[in-house]
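Asker: This is the content of data_8.cif (mmCIF, C-alpha atoms):
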data_query
loop_
_atom_site.group_PDB
_atom_site.id
_atom_site.type_symbol
_atom_site.label_atom_id
_atom_site.label_comp_id
_atom_site.auth_asym_id
_atom_site.auth_seq_id
_atom_site.Cartn_x
_atom_site.Cartn_y
_atom_site.Cartn_z
ATOM 1 C CA THR A 18 0.000 0.000 0.000
ATOM 2 C CA TYR A 19 2.867 2.390 0.749
ATOM 3 C CA LEU A 20 4.334 2.204 -2.767
ATOM 4 C CA MET A 21 0.910 2.413 -4.405
ATOM 5 C CA GLY A 22 0.044 5.419 -2.234
ATOM 6 C CA ALA A 23 3.298 7.130 -3.185
ATOM 7 C CA GLU A 24 2.525 6.562 -6.864
ATOM 8 C CA ILE A 25 -1.039 7.866 -6.520
ATOM 9 C CA ILE A 26 0.199 11.037 -4.795
ATOM 10 C CA ASP A 27 2.165 11.865 -7.952
ATOM 11 C CA CYS A 28 -1.007 11.726 -10.081
ATOM 12 C CA ARG A 29 -4.012 13.929 -10.670
ATOM 13 C CA PHE A 30 -7.303 12.187 -11.430
ATOM 14 C CA ASP A 31 -9.403 15.308 -11.951
ATOM 15 C CA GLY A 32 -12.912 14.369 -13.032
ATOM 16 C CA GLN A 33 -12.002 10.725 -13.631
ATOM 17 C CA ARG A 34 -13.786 7.564 -12.530
ATOM 18 C CA GLY A 35 -11.629 4.883 -10.961
ATOM 19 C CA LEU A 36 -11.688 1.366 -9.596
ATOM 20 C CA ASP A 37 -9.918 0.142 -6.464
ATOM 21 C CA MET A 38 -10.099 -3.633 -6.873
ATOM 22 C CA GLY A 39 -9.232 -5.510 -3.704
ATOM 23 C CA SER A 40 -9.786 -2.279 -1.803
ATOM 24 C CA GLY A 41 -9.233 -3.572 1.736
ATOM 25 C CA THR A 42 -9.705 -0.578 4.030
ATOM 26 C CA GLY A 43 -10.545 1.755 1.129
ATOM 27 C CA VAL A 44 -7.526 3.962 1.795
ATOM 28 C CA LEU A 45 -6.322 3.991 -1.825
ATOM 29 C CA ALA A 46 -9.782 4.889 -3.130
ATOM 30 C CA MET A 47 -9.896 7.734 -0.618
ATOM 31 C CA LEU A 48 -6.436 8.909 -1.671
ATOM 32 C CA ALA A 49 -7.524 8.880 -5.322
ATOM 33 C CA VAL A 50 -10.513 11.083 -4.412
ATOM 34 C CA LEU A 51 -8.159 13.455 -2.608
ATOM 35 C CA ARG A 52 -6.151 13.557 -5.853
ATOM 36 C CA GLY A 53 -9.233 14.610 -7.811
ATOM 37 C CA ALA A 54 -11.129 11.431 -8.737
ATOM 38 C CA GLU A 55 -14.789 12.227 -9.267
ATOM 39 C CA ARG A 56 -16.053 8.721 -8.449
ATOM 40 C CA MET A 57 -14.501 5.484 -7.214
ATOM 41 C CA ASP A 58 -15.771 1.932 -6.946
ATOM 42 C CA ALA A 59 -13.988 0.117 -4.092
ATOM 43 C CA VAL A 60 -14.445 -3.655 -4.442
ATOM 44 C CA ASP A 61 -13.355 -6.404 -2.066
ATOM 45 C CA ILE A 62 -14.350 -10.056 -1.684
ATOM 46 C CA ASP A 63 -13.833 -10.055 2.083
ATOM 47 C CA ASP A 64 -16.872 -9.137 4.190
ATOM 48 C CA TRP A 65 -14.775 -7.584 6.980
ATOM 49 C CA ALA A 66 -12.794 -5.479 4.471
ATOM 50 C CA TYR A 67 -16.028 -4.322 2.821
ATOM 51 C CA ARG A 68 -17.547 -3.281 6.177
ATOM 52 C CA ASN A 69 -14.312 -1.606 7.268
ATOM 53 C CA ALA A 70 -13.981 0.294 3.982
ATOM 54 C CA SER A 71 -17.631 1.386 4.194
ATOM 55 C CA GLU A 72 -17.032 2.776 7.697
ATOM 56 C CA ASN A 73 -13.763 4.474 6.738
ATOM 57 C CA ILE A 74 -15.297 6.056 3.656
ATOM 58 C CA ALA A 75 -18.288 7.358 5.632
ATOM 59 C CA ASP A 76 -16.104 8.564 8.532
ATOM 60 C CA ASN A 77 -13.996 10.565 6.060
ATOM 61 C CA GLY A 78 -17.022 12.168 4.398
ATOM 62 C CA MET A 79 -16.478 10.483 1.038
ATOM 63 C CA ALA A 80 -19.607 8.311 0.759
ATOM 64 C CA ASP A 81 -20.912 10.545 -2.031
ATOM 65 C CA ARG A 82 -17.833 9.831 -4.191
ATOM 66 C CA ILE A 83 -16.764 6.284 -3.249
ATOM 67 C CA ARG A 84 -19.039 3.288 -3.580
ATOM 68 C CA PRO A 85 -17.852 0.240 -1.618
ATOM 69 C CA LEU A 86 -18.895 -3.060 -3.189
ATOM 70 C CA LEU A 87 -18.729 -6.563 -1.747
ATOM 71 C CA GLY A 88 -17.839 -9.085 -4.430
ATOM 72 C CA ASP A 89 -15.424 -10.118 -7.126
ATOM 73 C CA ARG A 90 -15.064 -9.112 -10.780
ATOM 74 C CA ARG A 91 -18.795 -9.659 -11.281
ATOM 75 C CA ALA A 92 -19.443 -6.576 -9.110
ATOM 76 C CA ILE A 93 -18.000 -4.410 -11.892
ATOM 77 C CA GLU A 94 -19.052 -6.432 -14.926
ATOM 78 C CA GLY A 95 -19.649 -4.208 -17.940
ATOM 79 C CA LYS A 96 -18.197 -1.095 -16.283
ATOM 80 C CA ARG A 97 -15.287 0.896 -17.662
ATOM 81 C CA TYR A 98 -12.873 3.158 -15.801
ATOM 82 C CA ASP A 99 -10.332 5.869 -16.449
ATOM 83 C CA PHE A 100 -7.877 4.227 -14.066
ATOM 84 C CA ILE A 101 -7.615 1.046 -12.000
ATOM 85 C CA LEU A 102 -5.770 0.495 -8.747
ATOM 86 C CA ALA A 103 -5.218 -3.270 -8.962
ATOM 87 C CA ASN A 104 -4.492 -6.218 -11.215
ATOM 88 C CA ILE A 105 -7.789 -7.141 -12.841
ATOM 89 C CA ASN A 106 -9.293 -7.899 -16.225
ATOM 90 C CA ARG A 107 -7.586 -5.648 -18.766
ATOM 91 C CA ASN A 108 -10.851 -5.142 -20.684
ATOM 92 C CA ALA A 109 -12.367 -3.120 -17.826
ATOM 93 C CA LEU A 110 -10.036 -0.215 -18.602
ATOM 94 C CA HIS A 111 -10.617 2.539 -21.181
ATOM 95 C CA SER A 112 -8.048 3.020 -23.911
ATOM 96 C CA GLY A 113 -5.581 5.585 -22.548
ATOM 97 C CA GLY A 114 -6.458 4.641 -18.950
ATOM 98 C CA MET A 115 -3.882 3.848 -16.309
ATOM 99 C CA LEU A 116 -3.244 0.559 -14.530
ATOM 100 C CA PHE A 117 -1.267 0.486 -11.275
ATOM 101 C CA LEU A 118 0.227 -2.865 -10.213
ATOM 102 C CA SER A 119 1.742 -3.329 -6.784
ATOM 103 C CA GLY A 120 3.032 -6.218 -4.717
ATOM 104 C CA ILE A 121 5.442 -7.138 -7.490
ATOM 105 C CA LEU A 122 8.967 -8.253 -6.724
ATOM 106 C CA GLU A 123 11.470 -5.799 -8.137
ATOM 107 C CA THR A 124 13.156 -8.674 -9.970
ATOM 108 C CA ASP A 125 9.849 -9.450 -11.753
ATOM 109 C CA VAL A 126 9.180 -5.961 -13.135
ATOM 110 C CA ASP A 127 10.658 -6.689 -16.569
ATOM 111 C CA ALA A 128 8.709 -9.948 -16.908
ATOM 112 C CA VAL A 129 5.468 -8.244 -15.861
ATOM 113 C CA THR A 130 6.186 -5.381 -18.262
ATOM 114 C CA ASP A 131 6.868 -7.756 -21.146
ATOM 115 C CA ARG A 132 3.565 -9.525 -20.521
ATOM 116 C CA ALA A 133 1.640 -6.269 -20.109
ATOM 117 C CA GLN A 134 3.017 -5.006 -23.435
ATOM 118 C CA GLN A 135 1.614 -8.115 -25.124
ATOM 119 C CA PHE A 136 -1.827 -6.964 -23.958
ATOM 120 C CA GLY A 137 -1.463 -3.396 -25.165
ATOM 121 C CA PHE A 138 -0.018 -1.647 -22.103
ATOM 122 C CA GLU A 139 2.901 0.768 -22.029
ATOM 123 C CA ARG A 140 4.983 1.088 -18.855
ATOM 124 C CA LEU A 141 5.057 4.689 -17.666
ATOM 125 C CA ARG A 142 6.865 4.431 -14.357
ATOM 126 C CA THR A 143 8.251 2.069 -11.724
ATOM 127 C CA ARG A 144 8.885 2.737 -8.037
ATOM 128 C CA THR A 145 10.771 0.331 -5.819
ATOM 129 C CA ARG A 146 11.354 -0.079 -2.105
ATOM 130 C CA SER A 147 12.973 -2.919 -0.200
ATOM 131 C CA GLY A 148 12.789 -5.288 -3.166
ATOM 132 C CA TRP A 149 9.122 -4.532 -3.968
ATOM 133 C CA ALA A 150 7.724 -2.519 -6.855
ATOM 134 C CA VAL A 151 4.695 -0.637 -8.048
ATOM 135 C CA VAL A 152 4.395 -0.171 -11.800
ATOM 136 C CA ARG A 153 2.181 2.303 -13.638
ATOM 137 C CA PHE A 154 0.997 1.342 -17.128
ATOM 138 C CA LYS A 155 -1.118 3.096 -19.743
ATOM 139 C CA LYS A 156 -3.485 1.165 -21.987
ATOM 140 C CA LYS A 157 -2.822 1.927 -25.660
#
Can you present the structure in this file as structure tokens?
Answerer:
Amino acid sequence: TYLMGAEIIDCRFDGQRGLDMGSGTGVLAMLAVLRGAERMDAVDIDDWAYRNASENIADNGMADRIRPLLGDRRAIEGKRYDFILANINRNALHSGGMLFLSGILETDVDAVTDRAQQFGFERLRTRTRSGWAVVRFKKK
């Protein structure tokens, strides 16, 4: 979460709609709203995470901009986003949208990038810390 948060802080999402897939506490969705996102869907399969994110979002006055959802990929079926904070189905992202991948070993960045390029993504940036990486891609 630290690396992803650091990457999000460097971005502006003014007026964009985003997805935080595997949202956990909802902190990244909230950070994206603070960086200008108009709307966020925050999806998690874990009931506790969903309830916790719902509380955190409400407590921070963001319930009008972040919609917590309990479920898996079916919770967002047919929806499209300007950016995604997770590793999910590549077809959910608009052309030109950004994909942020975290929890990647630094030694695996090139392999992940090679695979992402096969699916029409361009690597924009990589941040590393203590052997871990977050990578930002753009869908062509």
Asker: Between A:Met115, A:Ala150, A:Ala46, A:Ile26, which is the closest to Tyr98 of chain A once you count all atoms listed in the file?
Answerer: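 Looking at the shortest contact to Tyr98 of chain A, the residue is A:Met115.
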Asker: Can you list, as a ChimeraX atom specification, every protein, DNA or RNA residue that comes within 10 Å of segment 127-129 of chain A when you count all atoms listed in the file, leaving out same-chain residues fewer than 5 positions away?
Answerer: /A:118,121-122,134,140,152
Asker: Go ahead and dump the residues you just picked, C-alpha atoms, as a PDB file, in the coordinates of the input.
Answerer:
ATOM      1  CA  LEU A 118       0.227  -2.865 -10.213  1.00  0.00           C
ATOM      2  CA  ILE A 121       5.442  -7.138  -7.490  1.00  0.00           C
ATOM      3  CA  LEU A 122       8.967  -8.253  -6.724  1.00  0.00           C
ATOM      4  CA  GLN A 134       3.017  -5.006 -23.435  1.00  0.00           C
ATOM      5  CA  ARG A 140       4.983   1.088 -18.855  1.00  0.00           C
ATOM      6  CA  VAL A 152       4.395  -0.171 -11.800  1.00  0.00           C
TER       7      VAL A 152
END
Asker: Starting from 3 Å padding per side, set up an axis-aligned box that covers all listed atoms of segment 121-132 of chain A and hand over centre and edge lengths in Å, one decimal, as lines of an AutoDock Vina configuration file.
Answerer:
center_x = 8.4
center_y = -7.7
center_z = -13.9
size_x = 15.6
size_y = 10.6
size_z = 20.4
Asker: Which residue is closest to Asp99 of chain A? Choose from A:Pro85, A:Asp125, A:Gly114, A:Gly43 and count all atoms listed in the file.
Answerer: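 Result for the nearest residue to Asp99 of chain A: A:Gly114.
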Asker: Using the chain letters and numbers from the file, which residues does the PyMOL selection byres ((chain A and resi 157) around 6) grab, as a list in words?
Answerer: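 Those residues are Ser112, Gly113, Gly137, Phe138 and Lys156 of chain A.
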